[in-house]
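Trainee: Hey, dropping query.tsv in here, TSV, C-alpha atoms and all ligand atoms:
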```tsv
chain	number	residue	atom	x	y	z
A	1	MET	CA	-17.92	-7.50	-11.95
A	2	ASN	CA	-17.62	-3.85	-10.86
A	3	VAL	CA	-15.05	-2.88	-8.27
A	4	LEU	CA	-15.01	0.40	-6.36
A	5	VAL	CA	-11.42	1.41	-5.65
A	6	THR	CA	-11.03	4.15	-3.06
A	7	GLY	CA	-7.69	5.93	-3.30
A	8	GLY	CA	-7.47	4.62	-6.84
A	9	ALA	CA	-5.40	7.59	-8.03
A	10	GLY	CA	-2.71	6.93	-5.42
A	11	TYR	CA	0.49	4.93	-5.73
A	12	ILE	CA	-0.72	1.40	-4.98
A	13	GLY	CA	-4.31	2.16	-5.98
A	14	SER	CA	-3.44	3.29	-9.52
A	15	HIS	CA	-1.32	0.19	-10.19
A	16	THR	CA	-4.18	-1.98	-8.93
A	17	VAL	CA	-6.70	-0.18	-11.17
A	18	VAL	CA	-4.49	-0.97	-14.18
A	19	GLU	CA	-4.41	-4.67	-13.29
A	20	LEU	CA	-8.18	-4.73	-12.71
A	21	LEU	CA	-8.95	-3.05	-16.07
A	22	ASN	CA	-6.52	-5.36	-17.89
A	23	ALA	CA	-8.28	-8.34	-16.29
A	24	GLY	CA	-11.67	-7.12	-17.57
A	25	TYR	CA	-13.20	-5.72	-14.37
A	26	GLY	CA	-15.35	-2.59	-14.41
A	27	VAL	CA	-13.64	-0.02	-12.17
A	28	VAL	CA	-14.97	3.01	-10.32
A	29	VAL	CA	-12.38	5.20	-8.61
A	30	VAL	CA	-13.16	7.44	-5.65
A	31	ASP	CA	-10.27	9.68	-4.64
A	32	ASP	CA	-10.18	13.16	-3.08
A	33	LEU	CA	-6.77	13.83	-4.71
A	34	SER	CA	-5.35	14.92	-1.34
A	35	ASN	CA	-2.17	12.97	-2.12
A	36	ALA	CA	-2.58	12.17	-5.83
A	37	LYS	CA	-2.85	13.94	-9.13
A	38	ALA	CA	-5.90	14.00	-11.42
A	39	ASP	CA	-3.85	13.15	-14.51
A	40	VAL	CA	-3.26	9.66	-13.09
A	41	ILE	CA	-6.69	8.75	-14.48
A	42	ASP	CA	-5.53	9.83	-17.98
A	43	ARG	CA	-2.36	7.79	-17.55
A	44	ILE	CA	-4.37	4.73	-16.56
A	45	GLU	CA	-6.37	5.20	-19.77
A	46	THR	CA	-3.18	5.55	-21.82
A	47	ILE	CA	-1.84	2.27	-20.39
A	48	THR	CA	-5.01	0.17	-20.56
A	49	GLY	CA	-7.06	1.83	-23.30
A	50	LYS	CA	-9.92	1.99	-20.79
A	51	ARG	CA	-11.05	4.85	-18.59
A	52	PRO	CA	-12.33	4.06	-15.11
A	53	ALA	CA	-15.32	6.05	-13.82
A	54	PHE	CA	-13.86	8.70	-11.52
A	55	TYR	CA	-15.38	10.63	-8.61
A	56	GLU	CA	-13.27	13.31	-6.91
A	57	MET	CA	-14.71	12.73	-3.49
A	58	ASP	CA	-13.82	12.16	0.14
A	59	CYS	CA	-14.79	8.67	1.37
A	60	LYS	CA	-16.29	10.17	4.50
A	61	ASP	CA	-18.94	11.78	2.28
A	62	LYS	CA	-21.79	9.34	2.87
A	63	ASP	CA	-24.27	10.93	0.45
A	64	GLY	CA	-21.54	11.08	-2.15
A	65	LEU	CA	-20.85	7.36	-1.74
A	66	ARG	CA	-24.58	6.62	-1.94
A	67	LYS	CA	-24.63	8.44	-5.27
A	68	VAL	CA	-21.72	6.29	-6.53
A	69	PHE	CA	-23.50	3.09	-5.48
A	70	SER	CA	-26.75	4.30	-7.09
A	71	GLU	CA	-25.02	5.08	-10.38
A	72	HIS	CA	-23.02	1.80	-10.55
A	73	LYS	CA	-23.76	-1.70	-9.41
A	74	ILE	CA	-20.78	-2.22	-7.11
A	75	ASP	CA	-19.87	-5.86	-6.40
A	76	ALA	CA	-16.73	-5.36	-4.31
A	77	ILE	CA	-14.59	-2.69	-2.66
A	78	ILE	CA	-10.85	-2.28	-2.50
A	79	HIS	CA	-10.25	0.35	0.14
A	80	PHE	CA	-6.92	2.17	-0.13
A	81	ALA	CA	-7.99	5.71	0.75
A	82	ALA	CA	-6.23	6.77	3.95
A	83	PHE	CA	-3.65	9.12	5.40
A	84	LYS	CA	-0.39	7.18	5.51
A	85	ALA	CA	2.54	9.18	6.86
A	86	VAL	CA	3.77	7.55	10.06
A	87	GLY	CA	5.59	10.63	11.46
A	88	GLU	CA	2.73	13.02	10.64
A	89	SER	CA	0.29	10.69	12.40
A	90	VAL	CA	2.28	11.08	15.64
A	91	ARG	CA	1.85	14.86	15.40
A	92	LYS	CA	-1.79	14.79	14.21
A	93	PRO	CA	-3.39	11.71	15.81
A	94	LEU	CA	-6.96	13.02	15.75
A	95	GLU	CA	-6.81	13.77	12.04
A	96	TYR	CA	-5.56	10.25	11.36
A	97	TYR	CA	-8.13	8.50	13.53
A	98	ARG	CA	-10.97	10.66	12.20
A	99	ASN	CA	-10.04	10.29	8.57
A	100	ASN	CA	-9.00	6.65	8.38
A	101	LEU	CA	-11.63	5.18	10.73
A	102	ASP	CA	-14.49	7.34	9.46
A	103	SER	CA	-13.86	6.55	5.82
A	104	ALA	CA	-13.74	2.78	6.45
A	105	MET	CA	-16.90	2.84	8.57
A	106	THR	CA	-18.80	5.11	6.19
A	107	MET	CA	-17.91	2.71	3.41
A	108	LEU	CA	-19.17	-0.27	5.42
A	109	GLU	CA	-22.44	1.50	6.21
A	110	VAL	CA	-23.08	2.36	2.57
A	111	MET	CA	-22.08	-1.15	1.47
A	112	GLU	CA	-24.66	-2.53	3.89
A	113	GLU	CA	-27.37	-0.22	2.48
A	114	PHE	CA	-26.62	-1.48	-1.02
A	115	GLY	CA	-26.04	-5.15	-0.14
A	116	CYS	CA	-22.35	-5.21	-1.16
A	117	LYS	CA	-20.45	-7.90	0.74
A	118	LYS	CA	-16.85	-8.07	-0.49
A	119	PHE	CA	-14.19	-5.86	1.11
A	120	VAL	CA	-10.46	-5.96	0.35
A	121	PHE	CA	-8.60	-3.81	2.88
A	122	SER	CA	-5.26	-2.11	2.50
A	123	SER	CA	-3.57	-3.02	5.78
A	124	SER	CA	0.11	-3.02	6.67
A	125	ALA	CA	2.91	-5.03	8.23
A	126	THR	CA	2.92	-2.33	10.89
A	127	VAL	CA	0.10	-4.28	12.65
A	128	TYR	CA	2.69	-6.84	13.83
A	129	GLY	CA	3.93	-4.12	16.19
A	130	PRO	CA	7.36	-3.84	17.76
A	131	ASN	CA	7.41	-7.15	19.67
A	132	ASN	CA	6.79	-10.02	17.25
A	133	PRO	CA	9.78	-11.97	15.91
A	134	HIS	CA	10.17	-12.03	12.10
A	135	PRO	CA	9.28	-13.46	9.72
A	136	TYR	CA	5.79	-12.20	10.51
A	137	LYS	CA	3.00	-14.76	10.29
A	138	GLU	CA	-0.69	-13.93	9.98
A	139	ASP	CA	-1.69	-15.96	13.07
A	140	MET	CA	0.56	-14.00	15.44
A	141	LYS	CA	-1.52	-12.91	18.39
A	142	ALA	CA	-0.06	-9.50	19.27
A	143	ILE	CA	-1.61	-7.17	16.72
A	144	GLU	CA	-0.62	-3.65	17.69
A	145	SER	CA	1.36	-0.73	16.36
A	146	SER	CA	3.70	2.04	17.37
A	147	SER	CA	2.08	4.99	15.57
A	148	PRO	CA	-1.44	6.40	15.30
A	149	TYR	CA	-1.27	5.59	11.56
A	150	GLY	CA	-0.52	1.96	12.38
A	151	TRP	CA	-3.21	1.84	15.04
A	152	THR	CA	-5.80	2.95	12.46
A	153	LYS	CA	-4.86	-0.19	10.47
A	154	VAL	CA	-5.13	-2.36	13.61
A	155	MET	CA	-8.51	-0.82	14.46
A	156	ILE	CA	-9.97	-1.16	10.98
A	157	GLU	CA	-8.87	-4.81	10.93
A	158	ARG	CA	-10.75	-5.18	14.25
A	159	ILE	CA	-13.83	-3.38	12.92
A	160	LEU	CA	-13.93	-5.62	9.85
A	161	THR	CA	-13.45	-8.73	11.99
A	162	ASP	CA	-16.31	-7.75	14.31
A	163	TYR	CA	-18.45	-6.84	11.30
A	164	VAL	CA	-17.92	-10.30	9.83
A	165	THR	CA	-18.88	-11.89	13.18
A	166	ALA	CA	-22.18	-10.01	12.96
A	167	HIS	CA	-22.60	-10.68	9.20
A	168	PRO	CA	-21.13	-14.13	8.47
A	169	ASP	CA	-22.01	-13.91	4.77
A	170	PHE	CA	-19.61	-10.94	4.35
A	171	CYS	CA	-16.03	-11.41	3.16
A	172	ALA	CA	-13.17	-9.16	4.33
A	173	VAL	CA	-9.60	-9.74	3.19
A	174	LEU	CA	-7.01	-7.85	5.24
A	175	LEU	CA	-3.93	-7.45	3.06
A	176	ARG	CA	-0.84	-6.75	5.15
A	177	TYR	CA	1.65	-5.10	2.82
A	178	PHE	CA	5.35	-5.02	3.40
A	179	ASN	CA	7.37	-2.31	1.57
A	180	PRO	CA	6.11	-1.69	-1.99
A	181	ILE	CA	8.53	0.11	-4.30
A	182	GLY	CA	9.07	0.42	-8.05
A	183	SER	CA	6.74	1.51	-10.83
A	184	HIS	CA	4.68	0.38	-13.76
A	185	ASP	CA	6.78	-0.62	-16.80
A	186	SER	CA	5.28	2.22	-18.86
A	187	GLY	CA	7.01	4.75	-16.58
A	188	LEU	CA	3.64	6.53	-16.35
A	189	LEU	CA	2.68	5.54	-12.80
A	190	GLY	CA	4.80	5.54	-9.68
A	191	ASP	CA	5.38	6.83	-6.19
A	192	ASP	CA	5.41	10.62	-6.48
A	193	PRO	CA	4.64	12.06	-3.03
A	194	ASN	CA	3.98	15.76	-2.52
A	195	GLY	CA	6.90	17.50	-0.77
A	196	ILE	CA	10.01	15.79	0.58
A	197	PRO	CA	9.50	12.00	0.56
A	198	ASN	CA	9.36	10.11	3.87
A	199	ASN	CA	9.92	6.70	2.31
A	200	LEU	CA	13.22	5.33	1.13
A	201	MET	CA	12.73	4.65	-2.60
A	202	PRO	CA	11.08	7.96	-3.58
A	203	TYR	CA	13.86	9.69	-1.64
A	204	ILE	CA	16.53	7.71	-3.50
A	205	ALA	CA	14.83	8.52	-6.81
A	206	ARG	CA	14.91	12.27	-6.12
A	207	VAL	CA	18.58	12.08	-5.18
A	208	ALA	CA	19.24	10.20	-8.42
A	209	ALA	CA	17.38	12.90	-10.34
A	210	GLY	CA	19.49	15.59	-8.67
A	211	GLN	CA	16.46	17.12	-6.94
A	212	LEU	CA	17.83	16.27	-3.49
A	213	GLU	CA	21.49	16.45	-2.63
A	214	LYS	CA	22.08	13.16	-0.85
A	215	LEU	CA	20.37	10.31	0.96
A	216	THR	CA	20.67	10.09	4.72
A	217	ILE	CA	20.59	6.48	5.85
A	218	PHE	CA	18.85	6.42	9.21
A	219	GLY	CA	21.22	4.44	11.43
A	220	GLY	CA	24.25	2.30	10.67
A	221	ASP	CA	24.52	0.54	14.04
A	222	TYR	CA	21.52	-1.80	14.02
A	223	PRO	CA	22.03	-5.48	14.91
A	224	THR	CA	21.84	-6.51	11.22
A	225	PRO	CA	24.57	-7.86	8.92
A	226	ASP	CA	25.60	-4.41	7.60
A	227	GLY	CA	24.20	-2.28	10.44
A	228	THR	CA	21.33	-0.78	8.39
A	229	CYS	CA	17.65	-1.76	8.72
A	230	GLN	CA	16.22	-4.66	6.73
A	231	ARG	CA	12.80	-4.62	5.09
A	232	ASP	CA	10.80	-6.82	2.72
A	233	TYR	CA	10.65	-4.70	-0.48
A	234	LEU	CA	8.20	-5.88	-3.11
A	235	HIS	CA	7.40	-4.60	-6.59
A	236	VAL	CA	4.22	-2.52	-6.65
A	237	VAL	CA	2.95	-4.44	-9.71
A	238	ASP	CA	3.28	-7.71	-7.76
A	239	LEU	CA	1.36	-6.04	-4.95
A	240	ALA	CA	-1.33	-4.87	-7.39
A	241	VAL	CA	-1.70	-8.41	-8.76
A	242	GLY	CA	-2.03	-9.61	-5.14
A	243	HIS	CA	-5.21	-7.49	-4.92
A	244	LEU	CA	-6.66	-9.25	-7.94
A	245	ARG	CA	-5.99	-12.62	-6.36
A	246	ALA	CA	-7.58	-11.42	-3.11
A	247	LEU	CA	-10.65	-10.26	-5.03
A	248	GLU	CA	-10.96	-13.62	-6.80
A	249	TYR	CA	-10.73	-15.30	-3.41
A	250	ALA	CA	-13.37	-12.98	-1.92
A	251	LYS	CA	-15.79	-13.67	-4.81
A	252	ASP	CA	-16.52	-17.15	-3.54
A	253	HIS	CA	-15.65	-17.03	0.13
A	254	GLU	CA	-17.15	-15.63	3.31
A	255	GLY	CA	-15.46	-14.64	6.57
A	256	VAL	CA	-12.30	-12.69	7.37
A	257	GLU	CA	-8.71	-13.52	6.36
A	258	ALA	CA	-5.50	-11.62	7.05
A	259	VAL	CA	-2.88	-12.24	4.37
A	260	ASN	CA	0.71	-10.96	4.08
A	261	LEU	CA	1.84	-9.59	0.73
A	262	GLY	CA	5.63	-9.65	0.74
A	263	THR	CA	8.48	-11.59	-0.82
A	264	GLY	CA	9.71	-13.30	2.34
A	265	ASN	CA	13.21	-11.76	1.97
A	266	GLY	CA	14.93	-9.07	3.99
A	267	VAL	CA	17.00	-6.44	2.14
A	268	SER	CA	19.02	-3.76	3.98
A	269	VAL	CA	19.01	-0.05	3.18
A	270	LEU	CA	22.62	-0.28	1.98
A	271	GLU	CA	21.84	-3.31	-0.18
A	272	LEU	CA	18.96	-1.40	-1.78
A	273	VAL	CA	21.16	1.64	-2.41
A	274	HIS	CA	23.81	-0.53	-4.07
A	275	ALA	CA	21.18	-2.44	-6.08
A	276	PHE	CA	19.84	0.90	-7.34
A	277	GLU	CA	23.34	2.04	-8.33
A	278	LYS	CA	24.02	-1.21	-10.17
A	279	ALA	CA	20.64	-1.45	-11.92
A	280	ASN	CA	20.84	2.14	-13.17
A	281	ASN	CA	24.56	2.45	-13.61
A	282	MET	CA	25.07	5.48	-11.38
A	283	LYS	CA	26.49	6.56	-8.02
A	284	LEU	CA	24.18	7.73	-5.26
A	285	PRO	CA	25.58	10.17	-2.73
A	286	TYR	CA	24.67	9.08	0.79
A	287	VAL	CA	25.70	9.53	4.42
A	288	ILE	CA	24.92	7.42	7.46
A	289	GLY	CA	23.00	9.54	9.96
A	290	PRO	CA	21.30	8.91	13.29
A	291	ARG	CA	18.48	6.40	13.69
A	292	ARG	CA	14.92	7.54	12.94
A	293	ASP	CA	12.49	7.29	15.88
A	294	GLY	CA	10.21	4.28	15.70
A	295	ASP	CA	12.14	2.27	13.05
A	296	LEU	CA	12.46	-1.45	13.76
A	297	PRO	CA	15.82	-3.07	12.94
A	298	ALA	CA	14.46	-5.77	10.65
A	299	PHE	CA	11.27	-7.46	9.51
A	300	TRP	CA	9.96	-9.43	6.59
A	301	ALA	CA	6.99	-11.59	5.68
A	302	ASP	CA	6.26	-15.23	5.96
A	303	ALA	CA	4.79	-15.33	2.45
A	304	GLU	CA	3.33	-18.87	2.53
A	305	LYS	CA	-0.33	-18.04	3.23
A	306	ALA	CA	-0.75	-15.87	0.13
A	307	LYS	CA	0.70	-18.69	-1.93
A	308	LYS	CA	-1.61	-21.28	-0.41
A	309	LEU	CA	-4.80	-19.24	-0.31
A	310	PHE	CA	-4.49	-17.13	-3.48
A	311	GLY	CA	-1.77	-18.87	-5.51
A	312	TRP	CA	0.10	-15.53	-5.37
A	313	GLU	CA	3.79	-14.90	-5.02
A	314	ALA	CA	6.06	-11.98	-5.87
A	315	THR	CA	7.92	-12.46	-9.16
A	316	HIS	CA	9.97	-9.27	-9.63
A	317	THR	CA	13.56	-8.93	-8.46
A	318	VAL	CA	15.09	-6.06	-6.48
A	319	GLU	CA	16.83	-5.04	-9.71
A	320	ASP	CA	13.43	-4.80	-11.50
A	321	MET	CA	12.16	-2.62	-8.66
A	322	CYS	CA	15.18	-0.28	-8.82
A	323	ARG	CA	15.12	0.02	-12.60
A	324	SER	CA	11.42	0.79	-12.82
A	325	ALA	CA	11.57	3.28	-9.93
A	326	TRP	CA	14.25	5.21	-11.82
A	327	GLU	CA	12.36	5.04	-15.15
A	328	PHE	CA	9.40	6.73	-13.51
A	329	ALA	CA	11.47	9.27	-11.57
A	330	LYS	CA	13.41	10.17	-14.71
A	331	LYS	CA	10.21	10.87	-16.63
A	332	SER	CA	8.71	12.85	-13.75
A	333	ALA	CA	11.85	14.96	-13.47
A	334	GLY	CA	11.78	15.56	-17.26
A	335	LYS	CA	15.15	13.81	-17.82
B	401	LIG	N1	15.22	5.21	5.34
B	401	LIG	C1	16.43	5.87	5.29
B	401	LIG	N2	16.46	7.14	4.78
B	401	LIG	C2	15.34	7.76	4.30
B	401	LIG	C3	14.10	7.05	4.35
B	401	LIG	C4	14.08	5.79	4.88
B	401	LIG	O1	17.46	5.34	5.72
B	401	LIG	O2	15.43	8.91	3.86
B	401	LIG	C5	15.20	3.82	5.88
B	401	LIG	C6	14.31	3.68	7.10
B	401	LIG	O3	15.05	3.99	8.27
B	401	LIG	C7	13.94	2.21	7.02
B	401	LIG	C8	13.91	1.92	5.53
B	401	LIG	O4	14.63	2.98	4.91
B	401	LIG	O5	14.95	1.43	7.59
B	401	LIG	C9	12.51	1.91	4.95
B	401	LIG	O6	11.87	3.11	5.32
B	401	LIG	P1	10.47	3.54	4.67
B	401	LIG	O7	10.09	4.84	5.32
B	401	LIG	O8	10.55	3.48	3.20
B	401	LIG	O9	9.49	2.36	5.13
B	401	LIG	P2	9.12	1.87	6.60
B	401	LIG	O10	9.55	0.46	6.68
B	401	LIG	O11	9.56	2.78	7.67
B	401	LIG	O12	7.57	2.10	6.53
B	401	LIG	C10	6.76	1.18	5.90
B	401	LIG	C11	5.49	1.82	5.36
B	401	LIG	C12	4.56	2.22	6.46
B	401	LIG	C13	4.42	1.16	7.49
B	401	LIG	C14	5.77	0.75	7.99
B	401	LIG	C15	5.72	-0.30	9.03
B	401	LIG	O13	5.80	2.95	4.57
B	401	LIG	O14	3.30	2.46	5.87
B	401	LIG	O15	6.49	0.24	6.87
B	401	LIG	O16	5.20	-1.48	8.53
B	401	LIG	F1	3.70	1.58	8.55
```
Before anything else, please render the file you have as structure tokens.
Mentor:
Amino acid sequence: MNVLVTGGAGYIGSHTVVELLNAGYGVVVVDDLSNAKADVIDRIETITGKRPAFYEMDCKDKDGLRKVFSEHKIDAIIHFAAFKAVGESVRKPLEYYRNNLDSAMTMLEVMEEFGCKKFVFSSSATVYGPNNPHPYKEDMKAIESSSPYGWTKVMIERILTDYVTAHPDFCAVLLRYFNPIGSHDSGLLGDDPNGIPNNLMPYIARVAAGQLEKLTIFGGDYPTPDGTCQRDYLHVVDLAVGHLRALEYAKDHEGVEAVNLGTGNGVSVLELVHAFEKANNMKLPYVIGPRRDGDLPAFWADAEKAKKLFGWEATHTVEDMCRSAWEFAKKSAGK
């Protein structure tokens, strides 16, 4: 079975490509390298001993995608490629809507031309919006978001749902990720954003490597046990394996399913900082600063559906996540 992975050179995409190759799938990667590095493909080959076919291409390039589908028999898509910075999306809404919606729809159009009917979509817990109580369950009715980035996920979920209504023999799996962190055990793949990181773990890793002076914790006065926000952090390799399970499910099912990929546990920013210090035997300089606009105090997954539908559950501990994140950051910083 051949799988086309868009955004396959990115953080979650690259870990998923490794799991797919190790499981014996043929993999074709399409990535425009706008937020990834070309040597990730070499690293994937070093880890797996197999090299995925690679096209440096924007997913909005319809003729380009047609060429990919003509050159490979594609049986399923895992669609990661998207802009993903929440704050930037507030400043550049048109770019986010154009890029994220256009690439998903172009992909669907080309899939239809070539008779490909399996779509695994990289969605997000952000679609539960600001008003649902946690833990978040897939059947919650209010699906909305508080940023243009998040709305692109809501809208693509809607587009896929309507597409399945019109084409009942199509299968779309909407994977709602919680907060992936950590790295592949090899230390060769990880979260290495361009510029100053927006997300917590890559920021922590750069502080640990001495590349940033200290972590600012956004808010210490939330209504949570220690006053800092709680999230459901899961190991990126668990998340990657979740995509394999979703693909296996899609192989012999039709219709649309939204599925959470999380651990079901809430961990606070301070708890994560202390877990990182303990796992890696170091001190992290931090200060508590003001809240960041748009952050919710706490949310985590109800993780039962993934278990029931796919037989998937997260297996790595917070300590595993912290240790592997540092292994990767250390190598990247040349330490
Ligand atoms: N945080 C800090 N300091 C930092 C960075 C983050 O204290 O320098 C805190 C945030 O305030 C938040 C927690 O760490 O409480 C996690 O923040 P991240 O930015 O790592 O993750 P978010 O939960 O904000 O964002 C994630 C995904 C988005 C998704 C969003 C909502 O990255 O794609 O969840 O589901 F939209």
Trainee: Please identify every polymer residue within 8 Å of ligand LIG 401 (chain B), using only C-alpha atoms and all ligand atoms, and present the set as number ranges by chain.
Mentor: A: 84-86, 124-128, 147, 149-150, 177-179, 197-201, 203-204, 215-219, 228-231, 268-269, 288, 291-292, 295-298
Trainee: I'd like the contact shell of Asp139 of chain A - 12 Å cut-off, all atoms listed in the file, skipping same-chain residues fewer than 4 positions apart - returned as a CSV table (one decimal) with C-alpha atoms, in the frame of the given file.
Mentor:
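Printed below is around_31.csv as written:
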```csv
chain,number,residue,atom,x,y,z
A,127,VAL,CA,0.1,-4.3,12.6
A,128,TYR,CA,2.7,-6.8,13.8
A,132,ASN,CA,6.8,-10.0,17.2
A,135,PRO,CA,9.3,-13.5,9.7
A,143,ILE,CA,-1.6,-7.2,16.7
A,257,GLU,CA,-8.7,-13.5,6.4
A,258,ALA,CA,-5.5,-11.6,7.0
A,259,VAL,CA,-2.9,-12.2,4.4
A,260,ASN,CA,0.7,-11.0,4.1
A,302,ASP,CA,6.3,-15.2,6.0
A,305,LYS,CA,-0.3,-18.0,3.2
```
Trainee: Identify, on the basis of all atoms listed in the file, every residue whose closest approach to Lys251 of chain A does not exceed 12 Å; exclude the query and any residue fewer than 4 positions from it along the same chain; express the result as a list in words.
Mentor: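 Counting all atoms listed in the file, the residues come to Met1, Asn2, Val3, Asp75, Ala76, Ile77, Cys116, Lys117, Lys118, Phe119, Val120, Asp169, Phe170, Cys171, Ala172, Val173, Leu244, Arg245, Ala246, Leu247, Gly255 and Phe310 of chain A.
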Trainee: Can I get the selected residues back with C-alpha atoms, as an mmCIF file, in the frame of the given file?
Mentor:
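The result, stored in selection39.cif:
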```cif
data_model
loop_
_atom_site.group_PDB
_atom_site.id
_atom_site.type_symbol
_atom_site.label_atom_id
_atom_site.label_comp_id
_atom_site.auth_asym_id
_atom_site.auth_seq_id
_atom_site.Cartn_x
_atom_site.Cartn_y
_atom_site.Cartn_z
ATOM 1 C CA MET A 1 -17.920 -7.500 -11.950
ATOM 2 C CA ASN A 2 -17.620 -3.850 -10.860
ATOM 3 C CA VAL A 3 -15.050 -2.880 -8.270
ATOM 4 C CA ASP A 75 -19.870 -5.860 -6.400
ATOM 5 C CA ALA A 76 -16.730 -5.360 -4.310
ATOM 6 C CA ILE A 77 -14.590 -2.690 -2.660
ATOM 7 C CA CYS A 116 -22.350 -5.210 -1.160
ATOM 8 C CA LYS A 117 -20.450 -7.900 0.740
ATOM 9 C CA LYS A 118 -16.850 -8.070 -0.490
ATOM 10 C CA PHE A 119 -14.190 -5.860 1.110
ATOM 11 C CA VAL A 120 -10.460 -5.960 0.350
ATOM 12 C CA ASP A 169 -22.010 -13.910 4.770
ATOM 13 C CA PHE A 170 -19.610 -10.940 4.350
ATOM 14 C CA CYS A 171 -16.030 -11.410 3.160
ATOM 15 C CA ALA A 172 -13.170 -9.160 4.330
ATOM 16 C CA VAL A 173 -9.600 -9.740 3.190
ATOM 17 C CA LEU A 244 -6.660 -9.250 -7.940
ATOM 18 C CA ARG A 245 -5.990 -12.620 -6.360
ATOM 19 C CA ALA A 246 -7.580 -11.420 -3.110
ATOM 20 C CA LEU A 247 -10.650 -10.260 -5.030
ATOM 21 C CA GLY A 255 -15.460 -14.640 6.570
ATOM 22 C CA PHE A 310 -4.490 -17.130 -3.480
#
```
Trainee: Please check which residues have atoms at most 12 Å from (-6.3, -0.2, -22.6) in the file's coordinates, counting all atoms listed in the file, and write them as a CSV table (one decimal) with C-alpha atoms, in the coordinates of the input.
Mentor:
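The file below, part-v7.csv, is the result:
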```
chain,number,residue,atom,x,y,z
A,17,VAL,CA,-6.7,-0.2,-11.2
A,18,VAL,CA,-4.5,-1.0,-14.2
A,19,GLU,CA,-4.4,-4.7,-13.3
A,20,LEU,CA,-8.2,-4.7,-12.7
A,21,LEU,CA,-9.0,-3.0,-16.1
A,22,ASN,CA,-6.5,-5.4,-17.9
A,23,ALA,CA,-8.3,-8.3,-16.3
A,24,GLY,CA,-11.7,-7.1,-17.6
A,42,ASP,CA,-5.5,9.8,-18.0
A,43,ARG,CA,-2.4,7.8,-17.6
A,44,ILE,CA,-4.4,4.7,-16.6
A,45,GLU,CA,-6.4,5.2,-19.8
A,46,THR,CA,-3.2,5.6,-21.8
A,47,ILE,CA,-1.8,2.3,-20.4
A,48,THR,CA,-5.0,0.2,-20.6
A,49,GLY,CA,-7.1,1.8,-23.3
A,50,LYS,CA,-9.9,2.0,-20.8
A,51,ARG,CA,-11.0,4.8,-18.6
A,52,PRO,CA,-12.3,4.1,-15.1
```
Trainee: Scan for residues within 10 Å of the point (-19.9, 9.5, -3.8) in the coordinates of the file, using all atoms listed in the file, and reply as a PDB file with C-alpha atoms, keeping the file's coordinate frame.
Mentor:
```
ATOM      1  CA  VAL A  29     -12.380   5.200  -8.610  1.00  0.00           C
ATOM      2  CA  VAL A  30     -13.160   7.440  -5.650  1.00  0.00           C
ATOM      3  CA  ASP A  31     -10.270   9.680  -4.640  1.00  0.00           C
ATOM      4  CA  PHE A  54     -13.860   8.700 -11.520  1.00  0.00           C
ATOM      5  CA  TYR A  55     -15.380  10.630  -8.610  1.00  0.00           C
ATOM      6  CA  GLU A  56     -13.270  13.310  -6.910  1.00  0.00           C
ATOM      7  CA  MET A  57     -14.710  12.730  -3.490  1.00  0.00           C
ATOM      8  CA  ASP A  58     -13.820  12.160   0.140  1.00  0.00           C
ATOM      9  CA  CYS A  59     -14.790   8.670   1.370  1.00  0.00           C
ATOM     10  CA  LYS A  60     -16.290  10.170   4.500  1.00  0.00           C
ATOM     11  CA  ASP A  61     -18.940  11.780   2.280  1.00  0.00           C
ATOM     12  CA  LYS A  62     -21.790   9.340   2.870  1.00  0.00           C
ATOM     13  CA  ASP A  63     -24.270  10.930   0.450  1.00  0.00           C
ATOM     14  CA  GLY A  64     -21.540  11.080  -2.150  1.00  0.00           C
ATOM     15  CA  LEU A  65     -20.850   7.360  -1.740  1.00  0.00           C
ATOM     16  CA  ARG A  66     -24.580   6.620  -1.940  1.00  0.00           C
ATOM     17  CA  LYS A  67     -24.630   8.440  -5.270  1.00  0.00           C
ATOM     18  CA  VAL A  68     -21.720   6.290  -6.530  1.00  0.00           C
ATOM     19  CA  PHE A  69     -23.500   3.090  -5.480  1.00  0.00           C
ATOM     20  CA  SER A  70     -26.750   4.300  -7.090  1.00  0.00           C
ATOM     21  CA  GLU A  71     -25.020   5.080 -10.380  1.00  0.00           C
TER      22      GLU A  71
END
```
Trainee: Considering only C-alpha atoms, state which residue in the set A:His72, A:Arg176, A:Lys141, A:Lys214 is at the smallest distance from Glu157 of chain A.
Mentor: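 That would be A:Arg176, the residue with the smallest distance to Glu157 of chain A.
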Trainee: What separation in Å, quoted to one decimal, exists between atom CA of Arg158 of chain A and atom CA of Ala142 of chain A?
Mentor: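 Here the two named atoms are 12.6 Å from each other.
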Trainee: When you count only C-alpha atoms, which of these residues is closest to Gly266 of chain A: A:Ile156, A:Asp293, A:Val164, A:His134?
Mentor: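 Using only C-alpha atoms, Gly266 of chain A sits closest to A:His134.
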Trainee: Name the residues in contact with segment 314-319 of chain A at a cut-off of 7 Å, using all atoms listed in the file, excluding same-chain residues fewer than 6 positions from it; report them as a ChimeraX atom specification.
Mentor: /A:235,238,263,275,279
Trainee: Tell me, in Å to one decimal, how far atom CA of Met155 of chain A is from atom CA of Gly264 of chain A.
Mentor: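 Straight-line distance from atom CA of Met155 of chain A to atom CA of Gly264 of chain A works out to 25.2 Å.
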Trainee: Between atom CA of Asp191 of chain A and atom CA of Ser145 of chain A, measure the distance and give it in Å to one decimal.
Mentor: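 Pair atom CA of Asp191 of chain A / atom CA of Ser145 of chain A returns 24.1 Å.
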Trainee: Restricting the calculation to all atoms listed in the file, which member of A:Val287, A:His253, A:Thr152, A:Leu309 is positioned closest to Pro93 of chain A?
Mentor: A:Thr152
Trainee: Using only C-alpha atoms, determine which residues lie at most 9 Å from Asp185 of chain A, disregarding the query and same-chain residues fewer than 6 positions distant; provide the list as a count of residues only.
Mentor: 4
